[in-house]
Amino acid sequence: MSFLLASCLFGIGFEAGGGLTFEIPRGADIEDYTPVLSWGAEAGIRDVLPGIGFDLGIRCFGVEYEDRFDTSWQVRRWEGYFFDASTLFESWPYLKGPVGLRLRAGGSWVPWKWYEDGDLIPIIPEDTTHDTTHMRASDFGILLGVSVMYRPVPFIIIEAGLNHRHVLSLDTDKYGDADVDERFLEAYVGARARF
């Protein structure tokens with residue numbers, strides 16, 4: 001109850017929405033993979049300090065690559081989720097008008113799996129005393145972004161922007177030193193409701 005009262009007194013707002021993202025793979029392992037459209041949703045609080053807010057979000061991703069192997073085609077697919085936590089800075093408390101700018105910096109937890117023709121890719125250990133593992137893990141990442149916001153009415157925000165996403169490779173003990181960080185460039189468009 002006291003949190004709600006403080007929210008009203010200090011002008012803290014709540015925001016929720018979602019949108020579509022065009023995911024463009026940029027990492028060494030996935031640079032030949034086909035860009036895809038993904039979906040996501042976010043919710044957060046605004047104006048904790050003037051123009052400063054926080055978001056929690058989830059985004060589903062999956063990129064594919066077709067490779068010719070002898071006389072047949074193989075389809076590789078890397079898929080998973082981005083669970084994001086971000087700090088946001090908005091220009092609206094400082095520049096009035098229906099158009100604003102939003103900057104984003106945050107981190108991600110990224111559970112993922114890598115498939116080949118619908119089956120998890122096995123990793124045969126060099127040491128025969130260990131069991132075969134498969135290409136699935138949970139990594140962490142960094143998220144940076146900028147977007148332009150348009151507010152046609154006080155409680156609706158339409159947003160378009162770009163994000164840079166960097167997924168850290170934390171499994172070199174499992175996948176070897178050849179495992180590298182992965183990156184995405186994301187073009188985003190979405191809508192939010194602000195309360």
# chains A, B, ... in the order shown; residues from 1 in each chain; ligands from 1
$ select_by_dssp --residues "segment 8-140 of chain A" --states "strand (DSSP E or B)" --output "number ranges by chain"
A: 13-25, 34, 36-49, 52-69, 72-90, 99-116, 119-120, 122-123, 133-134, 136-140
$ select_by_dssp --residues "chain A" --states "alpha helix (DSSP H)" --output "ChimeraX atom specification"
/A:2-10,172-175
$ residues_around --residues "Tyr94 of chain A" --least-positions-apart "2" --cutoff "9 Å" --atoms "only C-alpha atoms" --output "PyMOL selection string"
chain A and resi 50-51+90-92+96
$ write_last_selection --atoms "C-alpha atoms" --output "PDB file, in the first residue's frame"
ATOM      1  CA  PRO A  50      13.209  11.861 -13.853  1.00  0.00           C
ATOM      2  CA  GLY A  51      13.628  10.004 -17.160  1.00  0.00           C
ATOM      3  CA  GLU A  90      14.013   8.761 -21.692  1.00  0.00           C
ATOM      4  CA  SER A  91      14.219  12.315 -22.986  1.00  0.00           C
ATOM      5  CA  TRP A  92      10.608  13.277 -22.206  1.00  0.00           C
ATOM      6  CA  LYS A  96       8.520  18.053 -24.259  1.00  0.00           C
TER       7      LYS A  96
END
$ closest_residue --among "A:Leu37, A:Leu49, A:Ala28, A:Ala16" --to "Phe155 of chain A" --atoms "only C-alpha atoms"
A:Ala16
$ closest_atom_pairs --of "segment 70-141 of chain A" --to "segment 150-154 of chain A" --cutoff "8 Å" --atoms "only C-alpha atoms" --output "JSON lines"
{"residue": "A:Pro98", "atom": "CA", "partner": "A:Arg151", "partner_atom": "CA", "distance": 5.0}
{"residue": "A:Val99", "atom": "CA", "partner": "A:Tyr150", "partner_atom": "CA", "distance": 4.6}
{"residue": "A:Gly100", "atom": "CA", "partner": "A:Tyr150", "partner_atom": "CA", "distance": 6.5}
$ residues_around --residues "Phe61 of chain A" --least-positions-apart "6" --cutoff "6 Å" --atoms "only C-alpha atoms" --output "PyMOL selection string"
chain A and resi 38+79-81
$ atom_distance --atom1 "atom CA of Gly57 of chain A" --atom2 "atom CA of Ala85 of chain A"
6.6 Å
$ atom_distance --atom1 "atom CA of Arg165 of chain A" --atom2 "atom CA of Ile30 of chain A"
13.4 Å
$ atom_distance --atom1 "atom CA of Phe83 of chain A" --atom2 "atom CA of Leu56 of chain A"
7.5 Å
